[in-house]
Amino acid sequence: MAVVVEHEKRKIEILEKALSVFAEEGYADVTFQKIADRCGITRTTLYHYFKDKREIFTWSIKQFTAKVEQHLKKVMASDFPSNAELLKAVLFSIVKTCSDHRRLLTVILTYLLQLQKTGKDPETRIRRRTLRWRHIFSQILIKGQQQGEFSGVSIKDANNLFYSLLESAVFHIAILNTIDMEGTASAISLAVDSLSK
């Protein structure tokens with residue numbers, strides 16, 4: 001049992017270090033050797049954990065989305081005076097985490113564009129990684145409806161609105177290399193508050 005635990009712990013450490021290599025150098029410039037060097041291990045040892053660079057990158061993205069979800073769990077566990085305030089906090093938490101990992105987002109978007117050029121569908125991959133976020137939005141919206149806070153609101157339309165806000169924020173973070181956190185918070189508040197009217 002201890003061997004399995006150590007293996008998983010080492011795998012997580014490798015992914016953490018690999019994330020920084022991908023963020024610093026971009027997907028195309030990262031090699032298996034660079035990841036091994038950053039981890040202080042040989043390539044042969046690295047092959048015990050991952051079969052190639054793409055697998056490491058995929059796991060790194062999973063780890064990033066897991067970090068976002070950890071932040072969301074903390075937010076969801078907090079006490080808010082209303083569902084609207086909870087929804088604002090959830091949305092802002094995602095934007096903040098994405099902003100904190102700006103360089104990685106740029107690498108992810110570059111990778112997705114490369115996938116698209118090869119004829120693969122990046123939307124499916126994005127949807128798979130963000131499905132949990134949409135589910136959380138829906139949970140809050142449904143609870144708000146049940147409590148009379150968001151009466152007459154289309155859950156699907158509201159969900160799409162909030163997801164679009166996040167896409168816009170990610171675009172600013174990853175492509176334009178800018179994000180006005182105060183302006184983003186105001187836009188989130190405006191959108192959420194409009195549901196209560």
# chains A, B, ... in the order shown; residues from 1 in each chain; ligands from 1
$ select_by_dssp --residues "range 47-124 of chain A" --states "alpha helix (DSSP H)" --output "MDAnalysis selection string"
chainID A and resid 47 53:77 83:100 102:117 122:124
$ residues_around --residues "Ala191 in chain A" --least-positions-apart "4" --cutoff "8 Å" --atoms "only C-alpha atoms" --output "ChimeraX atom specification"
/A:161-162,187,195
$ write_last_selection --atoms "all heavy atoms" --output "PDB file, in the first residue's frame"
ATOM      1  N   LEU A 161     -24.969  32.291 -20.364  1.00  0.00           N
ATOM      2  CA  LEU A 161     -24.505  33.654 -20.121  1.00  0.00           C
ATOM      3  C   LEU A 161     -23.261  33.657 -19.237  1.00  0.00           C
ATOM      4  O   LEU A 161     -22.253  34.291 -19.556  1.00  0.00           O
ATOM      5  CB  LEU A 161     -25.614  34.482 -19.463  1.00  0.00           C
ATOM      6  CG  LEU A 161     -25.198  35.865 -18.942  1.00  0.00           C
ATOM      7  CD1 LEU A 161     -24.830  36.788 -20.094  1.00  0.00           C
ATOM      8  CD2 LEU A 161     -26.309  36.464 -18.092  1.00  0.00           C
ATOM      9  N   PHE A 162     -23.313  32.911 -18.147  1.00  0.00           N
ATOM     10  CA  PHE A 162     -22.178  32.898 -17.222  1.00  0.00           C
ATOM     11  C   PHE A 162     -20.961  32.219 -17.835  1.00  0.00           C
ATOM     12  O   PHE A 162     -19.836  32.657 -17.644  1.00  0.00           O
ATOM     13  CB  PHE A 162     -22.568  32.256 -15.887  1.00  0.00           C
ATOM     14  CG  PHE A 162     -23.657  33.014 -15.188  1.00  0.00           C
ATOM     15  CD1 PHE A 162     -24.782  32.380 -14.721  1.00  0.00           C
ATOM     16  CD2 PHE A 162     -23.568  34.384 -15.035  1.00  0.00           C
ATOM     17  CE1 PHE A 162     -25.798  33.089 -14.100  1.00  0.00           C
ATOM     18  CE2 PHE A 162     -24.574  35.104 -14.429  1.00  0.00           C
ATOM     19  CZ  PHE A 162     -25.691  34.452 -13.961  1.00  0.00           C
ATOM     20  N   ALA A 187     -18.957  43.138 -14.065  1.00  0.00           N
ATOM     21  CA  ALA A 187     -19.742  42.471 -15.114  1.00  0.00           C
ATOM     22  C   ALA A 187     -20.459  41.248 -14.551  1.00  0.00           C
ATOM     23  O   ALA A 187     -21.631  41.001 -14.855  1.00  0.00           O
ATOM     24  CB  ALA A 187     -18.840  42.082 -16.276  1.00  0.00           C
ATOM     25  N   LEU A 195     -30.674  38.701 -12.873  1.00  0.00           N
ATOM     26  CA  LEU A 195     -31.544  37.523 -12.717  1.00  0.00           C
ATOM     27  C   LEU A 195     -32.569  37.722 -11.608  1.00  0.00           C
ATOM     28  O   LEU A 195     -33.614  37.080 -11.612  1.00  0.00           O
ATOM     29  CB  LEU A 195     -30.716  36.277 -12.399  1.00  0.00           C
ATOM     30  CG  LEU A 195     -29.672  35.837 -13.404  1.00  0.00           C
ATOM     31  CD1 LEU A 195     -28.979  34.579 -12.912  1.00  0.00           C
ATOM     32  CD2 LEU A 195     -30.305  35.585 -14.759  1.00  0.00           C
TER      33      LEU A 195
END
$ atom_distance --atom1 "CA of Gly144 in chain A" --atom2 "CA of Glu182 in chain A"
25.0 Å
$ closest_residue --among "A:Lys73, A:Lys62, A:Arg102, A:His7" --to "Phe171 in chain A" --atoms "only C-alpha atoms"
A:Arg102
$ closest_residue --among "A:Phe50, A:Leu113, A:Asp193, A:Leu19" --to "Gln63 in chain A" --atoms "only C-alpha atoms"
A:Leu19
$ closest_residue --among "A:Arg129, A:His48, A:Lys74, A:Lys53" --to "Gly26 in chain A" --atoms "only C-alpha atoms"
A:Lys53
$ closest_residue --among "A:His101, A:Glu6, A:Phe32, A:Tyr111" --to "Lys51 in chain A" --atoms "only C-alpha atoms"
A:Phe32
